[in-house]
Amino acid sequence: MRFSRVGMLGGLSLAVSSMLVGTVGGAASASLRASGPSNISTTSFNNSFTIMKQFKLLAAAGHGKVAAILPDTVSSTRYVEFDQPDITKALSTAGLSSSQYVVQNALGSDATQLTDAQTDISNGATVLLVDPLDSGVGAQIESYAKSRGVKVIDYDRLTLGGSRAYYVSFNNVTVGKVMGQGLVSCMSAWHVSKPQVVVMHGAVTDNNATLFAQGYDSVINPYFTNKKWTAVAHTAGTWDPPTAETEFQAIYTAHPSVNSALIPNDETGAPIITYLQSLHVKPKTFPTTGQDATLTGLQNVLAGYQCGTVYKPIYLEAQAAVALALYLRAGQTPPSSLVNGKTEDTTSKVSVKSVLETPKWVTTANMNATVIKDNFVPASQLCTGSYAADCTAAGISG
């Protein structure tokens, strides 16, 4: 070792080593202590982001920029309201300066997402967090990054046929199961005796939509098989709200007996619920589902037009992704305590090391203890106008 000669002086060796280790900004310190917090796991994160402060030494040891590229602002409001600020907060709290990271949104354009990735790499990014619009552009980005020695983490959506290092998301099969179980409970609670169900789907280009369907189909298909429920129709699938409304209206017009719908997220459900209200459908008579715990979705739950919504605390996903990125940026292997699962890339036929967070089903019964407590949606925004009385009835305050 470089300190062997000094080591002969005993205490002086310890003093020098300690001084070097304590110098956070120094190269010696970075090489000696380039590690994140001990025993980091998916349960280490919370909405205070305090755990990210313990990554400062790891951040100091790394090189290059971290670039996060989100997909759009249409499929869910989450990307603007939560992902972008939460990723930014995690990166800055971990000690990266604003010149060492960038968080972007492709605004629904494959070309923009690819160009952003290429530009980021040219500008010194060594790690990309990519939530691909679809697997096609995701695979292009990952191939380009790999050829330039840049690591990629799939964020929220898995790129099929990709070459990413890790995947960070919620357990999306569980998301679907939670949604299906929520619909089953709601059918009973709202006394729907002969469910005539429209089963809707997310975009076919999104692997998450496939996983959601795998989950909710496993719950609701037995009800169709034993004839307790009737599957009136399955839609082609989309994350575009106007298209989803058109799909639903066509089915409802052809089959006016429809009295329930499995809808895979709040954004596509919102115009459908507005349509049902325009037909004077009464509250708590037509069960629907949702996902992402958006303001509109939660208000539809309060009003009795949506059974519940799948709450995915984005701050957990954002911090886990940034933690992984900091390990990769410093040339370190993330600990097994953090990487808690594997996800199958069915195109590449490989098992992808994954960090999978756990979703929650939110209804009026636990809204105050989940989204309000986490300040995911403030009560001051939720409980306005006609929803004030609904909040009072549900015991929601904040």
# chains A, B, ... in the order shown; residues from 1 in each chain; ligands from 1
call {"tool": "residues_around", "arguments": {"residues": "stretch 99-111 of chain A", "least_positions_apart": "6", "cutoff": "9 Å", "atoms": "only C-alpha atoms", "output": "PyMOL selection string"}}
result
chain A and resi 63-75+79-80+84-85+87-88+91-92+120+124-125+132-134+136-138
call {"tool": "residues_around", "arguments": {"residues": "A:Tyr252", "least_positions_apart": "6", "cutoff": "12 Å", "atoms": "only C-alpha atoms", "output": "JSON, numbers by chain"}}
result
{"A": [196, 197, 198, 232, 233, 235, 245, 246, 258, 259, 260, 261, 272, 275, 276, 279]}
call {"tool": "closest_residue", "arguments": {"among": "A:Val350, A:Ile273, A:Leu326, A:Ala293", "to": "A:Thr364", "atoms": "only C-alpha atoms"}}
result
A:Ala293
call {"tool": "residues_around", "arguments": {"residues": "A:Ser41", "least_positions_apart": "2", "cutoff": "7 Å", "atoms": "only C-alpha atoms", "output": "PyMOL selection string"}}
result
chain A and resi 39+43-44+337-338
call {"tool": "write_last_selection", "arguments": {"atoms": "N, CA, C and O atoms", "output": "PDB file, in the first residue's frame"}}
result
ATOM      1  N   ASN A  39     -26.815  -1.717   4.770  1.00  0.00           N
ATOM      2  CA  ASN A  39     -28.129  -2.368   4.873  1.00  0.00           C
ATOM      3  C   ASN A  39     -29.268  -1.590   4.198  1.00  0.00           C
ATOM      4  O   ASN A  39     -30.407  -1.623   4.654  1.00  0.00           O
ATOM      5  N   THR A  43     -37.171  -0.732   2.102  1.00  0.00           N
ATOM      6  CA  THR A  43     -37.893  -0.154   3.239  1.00  0.00           C
ATOM      7  C   THR A  43     -37.138   1.014   3.872  1.00  0.00           C
ATOM      8  O   THR A  43     -37.605   1.603   4.849  1.00  0.00           O
ATOM      9  N   SER A  44     -35.963   1.344   3.317  1.00  0.00           N
ATOM     10  CA  SER A  44     -35.151   2.420   3.889  1.00  0.00           C
ATOM     11  C   SER A  44     -35.650   3.803   3.509  1.00  0.00           C
ATOM     12  O   SER A  44     -35.308   4.798   4.156  1.00  0.00           O
ATOM     13  N   SER A 337     -29.379  -6.338  -0.619  1.00  0.00           N
ATOM     14  CA  SER A 337     -30.486  -5.934   0.243  1.00  0.00           C
ATOM     15  C   SER A 337     -31.393  -4.909  -0.436  1.00  0.00           C
ATOM     16  O   SER A 337     -32.558  -4.762  -0.070  1.00  0.00           O
ATOM     17  N   LEU A 338     -30.856  -4.202  -1.423  1.00  0.00           N
ATOM     18  CA  LEU A 338     -31.657  -3.229  -2.178  1.00  0.00           C
ATOM     19  C   LEU A 338     -32.319  -3.879  -3.385  1.00  0.00           C
ATOM     20  O   LEU A 338     -33.492  -3.636  -3.667  1.00  0.00           O
TER      21      LEU A 338
END
call {"tool": "residues_around", "arguments": {"residues": "A:Thr392", "least_positions_apart": "2", "cutoff": "12 Å", "atoms": "only C-alpha atoms", "output": "PDB file with all heavy atoms, in the first residue's frame"}}
result
ATOM      1  N   LEU A 302     -64.005   9.530  -3.805  1.00  0.00           N
ATOM      2  CA  LEU A 302     -64.813  10.204  -2.791  1.00  0.00           C
ATOM      3  C   LEU A 302     -66.267  10.345  -3.228  1.00  0.00           C
ATOM      4  O   LEU A 302     -67.188  10.197  -2.425  1.00  0.00           O
ATOM      5  CB  LEU A 302     -64.242  11.595  -2.502  1.00  0.00           C
ATOM      6  CG  LEU A 302     -62.983  11.670  -1.647  1.00  0.00           C
ATOM      7  CD1 LEU A 302     -62.437  13.093  -1.652  1.00  0.00           C
ATOM      8  CD2 LEU A 302     -63.256  11.217  -0.225  1.00  0.00           C
ATOM      9  N   THR A 364     -61.889   5.331   0.381  1.00  0.00           N
ATOM     10  CA  THR A 364     -62.200   6.361   1.365  1.00  0.00           C
ATOM     11  C   THR A 364     -61.798   5.919   2.773  1.00  0.00           C
ATOM     12  O   THR A 364     -61.505   6.760   3.628  1.00  0.00           O
ATOM     13  CB  THR A 364     -63.707   6.690   1.353  1.00  0.00           C
ATOM     14  OG1 THR A 364     -64.455   5.476   1.554  1.00  0.00           O
ATOM     15  CG2 THR A 364     -64.125   7.333   0.038  1.00  0.00           C
ATOM     16  N   ALA A 365     -61.753   4.611   2.997  1.00  0.00           N
ATOM     17  CA  ALA A 365     -61.448   4.093   4.338  1.00  0.00           C
ATOM     18  C   ALA A 365     -60.014   4.365   4.773  1.00  0.00           C
ATOM     19  O   ALA A 365     -59.752   4.566   5.965  1.00  0.00           O
ATOM     20  CB  ALA A 365     -61.735   2.595   4.395  1.00  0.00           C
ATOM     21  N   MET A 367     -57.768   6.554   2.861  1.00  0.00           N
ATOM     22  CA  MET A 367     -57.209   7.692   2.127  1.00  0.00           C
ATOM     23  C   MET A 367     -56.431   8.626   3.048  1.00  0.00           C
ATOM     24  O   MET A 367     -55.342   9.103   2.721  1.00  0.00           O
ATOM     25  CB  MET A 367     -58.337   8.448   1.422  1.00  0.00           C
ATOM     26  CG  MET A 367     -57.887   9.286   0.242  1.00  0.00           C
ATOM     27  SD  MET A 367     -59.306  10.048  -0.613  1.00  0.00           S
ATOM     28  CE  MET A 367     -60.018   8.620  -1.459  1.00  0.00           C
ATOM     29  N   ASN A 368     -56.993   8.881   4.223  1.00  0.00           N
ATOM     30  CA  ASN A 368     -56.355   9.808   5.162  1.00  0.00           C
ATOM     31  C   ASN A 368     -55.033   9.256   5.676  1.00  0.00           C
ATOM     32  O   ASN A 368     -54.077  10.006   5.909  1.00  0.00           O
ATOM     33  CB  ASN A 368     -57.287  10.092   6.344  1.00  0.00           C
ATOM     34  CG  ASN A 368     -56.935  11.373   7.065  1.00  0.00           C
ATOM     35  OD1 ASN A 368     -56.787  12.417   6.448  1.00  0.00           O
ATOM     36  ND2 ASN A 368     -56.787  11.307   8.379  1.00  0.00           N
ATOM     37  N   ALA A 379     -54.802  17.545   1.462  1.00  0.00           N
ATOM     38  CA  ALA A 379     -56.226  17.626   1.736  1.00  0.00           C
ATOM     39  C   ALA A 379     -56.813  18.947   1.260  1.00  0.00           C
ATOM     40  O   ALA A 379     -57.971  19.014   0.838  1.00  0.00           O
ATOM     41  CB  ALA A 379     -56.465  17.452   3.233  1.00  0.00           C
ATOM     42  N   LEU A 382     -57.643  18.279  -2.291  1.00  0.00           N
ATOM     43  CA  LEU A 382     -58.620  17.214  -2.463  1.00  0.00           C
ATOM     44  C   LEU A 382     -60.016  17.644  -2.019  1.00  0.00           C
ATOM     45  O   LEU A 382     -61.010  17.375  -2.702  1.00  0.00           O
ATOM     46  CB  LEU A 382     -58.181  15.988  -1.668  1.00  0.00           C
ATOM     47  CG  LEU A 382     -59.074  14.757  -1.724  1.00  0.00           C
ATOM     48  CD1 LEU A 382     -59.072  14.144  -3.131  1.00  0.00           C
ATOM     49  CD2 LEU A 382     -58.606  13.719  -0.705  1.00  0.00           C
ATOM     50  N   CYS A 383     -60.086  18.299  -0.894  1.00  0.00           N
ATOM     51  CA  CYS A 383     -61.372  18.549  -0.233  1.00  0.00           C
ATOM     52  C   CYS A 383     -61.948  19.925  -0.569  1.00  0.00           C
ATOM     53  O   CYS A 383     -62.311  20.707   0.318  1.00  0.00           O
ATOM     54  CB  CYS A 383     -61.210  18.395   1.269  1.00  0.00           C
ATOM     55  SG  CYS A 383     -60.570  16.774   1.751  1.00  0.00           S
ATOM     56  N   THR A 384     -62.033  20.251  -1.830  1.00  0.00           N
ATOM     57  CA  THR A 384     -62.570  21.539  -2.258  1.00  0.00           C
ATOM     58  C   THR A 384     -63.977  21.370  -2.816  1.00  0.00           C
ATOM     59  O   THR A 384     -64.361  20.292  -3.278  1.00  0.00           O
ATOM     60  CB  THR A 384     -61.669  22.168  -3.341  1.00  0.00           C
ATOM     61  OG1 THR A 384     -61.568  21.256  -4.456  1.00  0.00           O
ATOM     62  CG2 THR A 384     -60.284  22.444  -2.798  1.00  0.00           C
ATOM     63  N   SER A 386     -67.548  20.642  -3.821  1.00  0.00           N
ATOM     64  CA  SER A 386     -68.500  19.578  -3.462  1.00  0.00           C
ATOM     65  C   SER A 386     -67.834  18.400  -2.759  1.00  0.00           C
ATOM     66  O   SER A 386     -68.514  17.571  -2.147  1.00  0.00           O
ATOM     67  CB  SER A 386     -69.211  19.079  -4.728  1.00  0.00           C
ATOM     68  OG  SER A 386     -68.278  18.498  -5.628  1.00  0.00           O
ATOM     69  N   TYR A 387     -66.504  18.322  -2.819  1.00  0.00           N
ATOM     70  CA  TYR A 387     -65.800  17.197  -2.187  1.00  0.00           C
ATOM     71  C   TYR A 387     -65.533  17.438  -0.700  1.00  0.00           C
ATOM     72  O   TYR A 387     -65.086  16.530  -0.001  1.00  0.00           O
ATOM     73  CB  TYR A 387     -64.482  16.912  -2.916  1.00  0.00           C
ATOM     74  CG  TYR A 387     -64.684  16.594  -4.369  1.00  0.00           C
ATOM     75  CD1 TYR A 387     -64.372  17.527  -5.357  1.00  0.00           C
ATOM     76  CD2 TYR A 387     -65.217  15.374  -4.770  1.00  0.00           C
ATOM     77  CE1 TYR A 387     -64.579  17.252  -6.700  1.00  0.00           C
ATOM     78  CE2 TYR A 387     -65.427  15.081  -6.117  1.00  0.00           C
ATOM     79  CZ  TYR A 387     -65.105  16.031  -7.081  1.00  0.00           C
ATOM     80  OH  TYR A 387     -65.305  15.762  -8.403  1.00  0.00           O
ATOM     81  N   ALA A 388     -65.795  18.648  -0.225  1.00  0.00           N
ATOM     82  CA  ALA A 388     -65.552  18.953   1.188  1.00  0.00           C
ATOM     83  C   ALA A 388     -66.397  18.060   2.088  1.00  0.00           C
ATOM     84  O   ALA A 388     -65.898  17.490   3.077  1.00  0.00           O
ATOM     85  CB  ALA A 388     -65.833  20.420   1.465  1.00  0.00           C
ATOM     86  N   ALA A 389     -67.661  17.925   1.760  1.00  0.00           N
ATOM     87  CA  ALA A 389     -68.556  17.078   2.561  1.00  0.00           C
ATOM     88  C   ALA A 389     -68.140  15.617   2.474  1.00  0.00           C
ATOM     89  O   ALA A 389     -68.208  14.875   3.478  1.00  0.00           O
ATOM     90  CB  ALA A 389     -69.994  17.240   2.086  1.00  0.00           C
ATOM     91  N   ASP A 390     -67.693  15.180   1.295  1.00  0.00           N
ATOM     92  CA  ASP A 390     -67.238  13.794   1.132  1.00  0.00           C
ATOM     93  C   ASP A 390     -66.012  13.536   2.003  1.00  0.00           C
ATOM     94  O   ASP A 390     -65.881  12.453   2.599  1.00  0.00           O
ATOM     95  CB  ASP A 390     -66.894  13.512  -0.338  1.00  0.00           C
ATOM     96  CG  ASP A 390     -68.090  13.602  -1.251  1.00  0.00           C
ATOM     97  OD1 ASP A 390     -69.189  13.144  -0.847  1.00  0.00           O
ATOM     98  OD2 ASP A 390     -67.963  14.137  -2.367  1.00  0.00           O
ATOM     99  N   ALA A 394     -65.581  10.938   5.166  1.00  0.00           N
ATOM    100  CA  ALA A 394     -64.520   9.923   5.153  1.00  0.00           C
ATOM    101  C   ALA A 394     -63.491  10.139   6.249  1.00  0.00           C
ATOM    102  O   ALA A 394     -62.529   9.375   6.353  1.00  0.00           O
ATOM    103  CB  ALA A 394     -63.848   9.890   3.786  1.00  0.00           C
ATOM    104  N   GLY A 395     -63.670  11.187   7.052  1.00  0.00           N
ATOM    105  CA  GLY A 395     -62.732  11.457   8.132  1.00  0.00           C
ATOM    106  C   GLY A 395     -61.399  11.974   7.652  1.00  0.00           C
ATOM    107  O   GLY A 395     -60.363  11.771   8.305  1.00  0.00           O
ATOM    108  N   ILE A 396     -61.421  12.663   6.507  1.00  0.00           N
ATOM    109  CA  ILE A 396     -60.175  13.155   5.916  1.00  0.00           C
ATOM    110  C   ILE A 396     -59.921  14.579   6.389  1.00  0.00           C
ATOM    111  O   ILE A 396     -60.781  15.452   6.300  1.00  0.00           O
ATOM    112  CB  ILE A 396     -60.238  13.110   4.381  1.00  0.00           C
ATOM    113  CG1 ILE A 396     -60.300  11.642   3.930  1.00  0.00           C
ATOM    114  CG2 ILE A 396     -59.043  13.812   3.754  1.00  0.00           C
ATOM    115  CD1 ILE A 396     -60.570  11.484   2.453  1.00  0.00           C
ATOM    116  N   SER A 397     -58.720  14.796   6.867  1.00  0.00           N
ATOM    117  CA  SER A 397     -58.298  16.123   7.296  1.00  0.00           C
ATOM    118  C   SER A 397     -56.827  16.279   6.977  1.00  0.00           C
ATOM    119  O   SER A 397     -56.149  15.321   6.638  1.00  0.00           O
ATOM    120  CB  SER A 397     -58.552  16.297   8.793  1.00  0.00           C
ATOM    121  OG  SER A 397     -57.814  15.323   9.525  1.00  0.00           O
ATOM    122  N   GLY A 398     -56.332  17.472   7.120  1.00  0.00           N
ATOM    123  CA  GLY A 398     -54.917  17.662   6.855  1.00  0.00           C
ATOM    124  C   GLY A 398     -54.577  19.124   6.772  1.00  0.00           C
ATOM    125  O   GLY A 398     -55.426  19.979   6.795  1.00  0.00           O
TER     126      GLY A 398
END
call {"tool": "atom_distance", "arguments": {"atom1": "atom CA of A:Pro195", "atom2": "atom CA of A:Tyr223"}}
result
9.6 Å
call {"tool": "closest_residue", "arguments": {"among": "A:Ala323, A:Phe49, A:Asp156, A:Ala318", "to": "A:Asp86", "atoms": "only C-alpha atoms"}}
result
A:Ala318
call {"tool": "select_by_dssp", "arguments": {"residues": "stretch 342-385 of chain A", "states": "alpha helix (DSSP H)", "output": "list in words"}}
result
Ala379, Ser380, Gln381 and Leu382 of chain A
call {"tool": "closest_residue", "arguments": {"among": "A:Tyr166, A:Ser380, A:Thr50, A:Ser278", "to": "A:Val339", "atoms": "only C-alpha atoms"}}
result
A:Tyr166
call {"tool": "residues_around", "arguments": {"residues": "A:Gly290", "least_positions_apart": "3", "cutoff": "10 Å", "atoms": "only C-alpha atoms", "output": "ChimeraX atom specification"}}
result
/A:179,182-183,261-270,293-294,297-298,300-301,306-311,361-362
call {"tool": "atom_distance", "arguments": {"atom1": "atom CA of A:Thr205", "atom2": "atom CA of A:Thr347"}}
result
13.0 Å
call {"tool": "residues_around", "arguments": {"residues": "A:Glu317", "least_positions_apart": "2", "cutoff": "7 Å", "atoms": "only C-alpha atoms", "output": "ChimeraX atom specification"}}
result
/A:168-169,314-315,319-321,357
call {"tool": "write_last_selection", "arguments": {"atoms": "C-alpha atoms", "output": "mmCIF file, in the first residue's frame"}}
result
data_model
loop_
_atom_site.group_PDB
_atom_site.id
_atom_site.type_symbol
_atom_site.label_atom_id
_atom_site.label_comp_id
_atom_site.auth_asym_id
_atom_site.auth_seq_id
_atom_site.Cartn_x
_atom_site.Cartn_y
_atom_site.Cartn_z
ATOM 1 C CA VAL A 168 -36.800 -0.116 -10.796
ATOM 2 C CA SER A 169 -40.574 -0.108 -10.470
ATOM 3 C CA ILE A 314 -43.407 7.626 -6.295
ATOM 4 C CA TYR A 315 -40.908 8.956 -3.767
ATOM 5 C CA GLN A 319 -35.081 7.298 -4.395
ATOM 6 C CA ALA A 320 -34.441 3.639 -5.200
ATOM 7 C CA ALA A 321 -33.623 4.537 -8.807
ATOM 8 C CA GLU A 357 -41.739 -1.499 -4.421
#
call {"tool": "atom_distance", "arguments": {"atom1": "atom CA of A:Ala139", "atom2": "atom CA of A:Pro359"}}
result
27.0 Å
call {"tool": "closest_residue", "arguments": {"among": "A:Ser48, A:Gln299, A:Ser98, A:Thr159", "to": "A:Gln381", "atoms": "only C-alpha atoms"}}
result
A:Gln299
call {"tool": "residues_around", "arguments": {"residues": "A:Thr93", "least_positions_apart": "2", "cutoff": "7 Å", "atoms": "only C-alpha atoms", "output": "list in words"}}
result
Met52, Lys53, Lys89, Ala90, Leu91 and Gly95 of chain A
call {"tool": "write_last_selection", "arguments": {"atoms": "C-alpha atoms", "output": "PDB file, in the first residue's frame"}}
result
ATOM      1  CA  MET A  52     -30.347  10.109   0.504  1.00  0.00           C
ATOM      2  CA  LYS A  53     -27.986  12.252   2.602  1.00  0.00           C
ATOM      3  CA  LYS A  89     -34.869  15.986  -4.872  1.00  0.00           C
ATOM      4  CA  ALA A  90     -33.227  12.582  -4.450  1.00  0.00           C
ATOM      5  CA  LEU A  91     -30.275  13.551  -6.654  1.00  0.00           C
ATOM      6  CA  GLY A  95     -25.070  15.701  -3.002  1.00  0.00           C
TER       7      GLY A  95
END
call {"tool": "select_by_dssp", "arguments": {"residues": "stretch 190-343 of chain A", "states": "strand (DSSP E)", "output": "VMD selection string"}}
result
chain A and resid 196 to 199 230 to 234 260 to 262 309 to 311 341 to 343
call {"tool": "decode", "arguments": {"residues": "stretch 312-337 of chain A", "atoms": "C-alpha atoms", "output": "compact mmCIF listing (two decimals), in the first residue's frame"}}
result
# COMPACT_ATOMS: atom_id res chain seq x y z
CA LYS A 312 -47.76 3.93 -5.80
CA PRO A 313 -45.66 6.22 -3.58
CA ILE A 314 -43.41 7.63 -6.30
CA TYR A 315 -40.91 8.96 -3.77
CA LEU A 316 -39.96 5.33 -3.00
CA GLU A 317 -39.36 4.49 -6.65
CA ALA A 318 -37.47 7.74 -7.32
CA GLN A 319 -35.08 7.30 -4.39
CA ALA A 320 -34.44 3.64 -5.20
CA ALA A 321 -33.62 4.54 -8.81
CA VAL A 322 -31.28 7.35 -7.78
CA ALA A 323 -29.57 5.06 -5.24
CA LEU A 324 -28.92 2.51 -7.99
CA ALA A 325 -27.68 5.24 -10.32
CA LEU A 326 -25.20 6.48 -7.71
CA TYR A 327 -23.77 2.98 -7.22
CA LEU A 328 -23.34 2.55 -10.98
CA ARG A 329 -21.91 6.07 -11.38
CA ALA A 330 -19.24 5.19 -8.78
CA GLY A 331 -18.49 1.83 -10.39
CA GLN A 332 -19.97 -0.06 -7.45
CA THR A 333 -22.30 -3.06 -7.29
CA PRO A 334 -25.58 -2.24 -5.52
CA PRO A 335 -26.15 -4.37 -2.40
CA SER A 336 -28.41 -7.40 -2.59
CA SER A 337 -30.49 -5.93 0.24
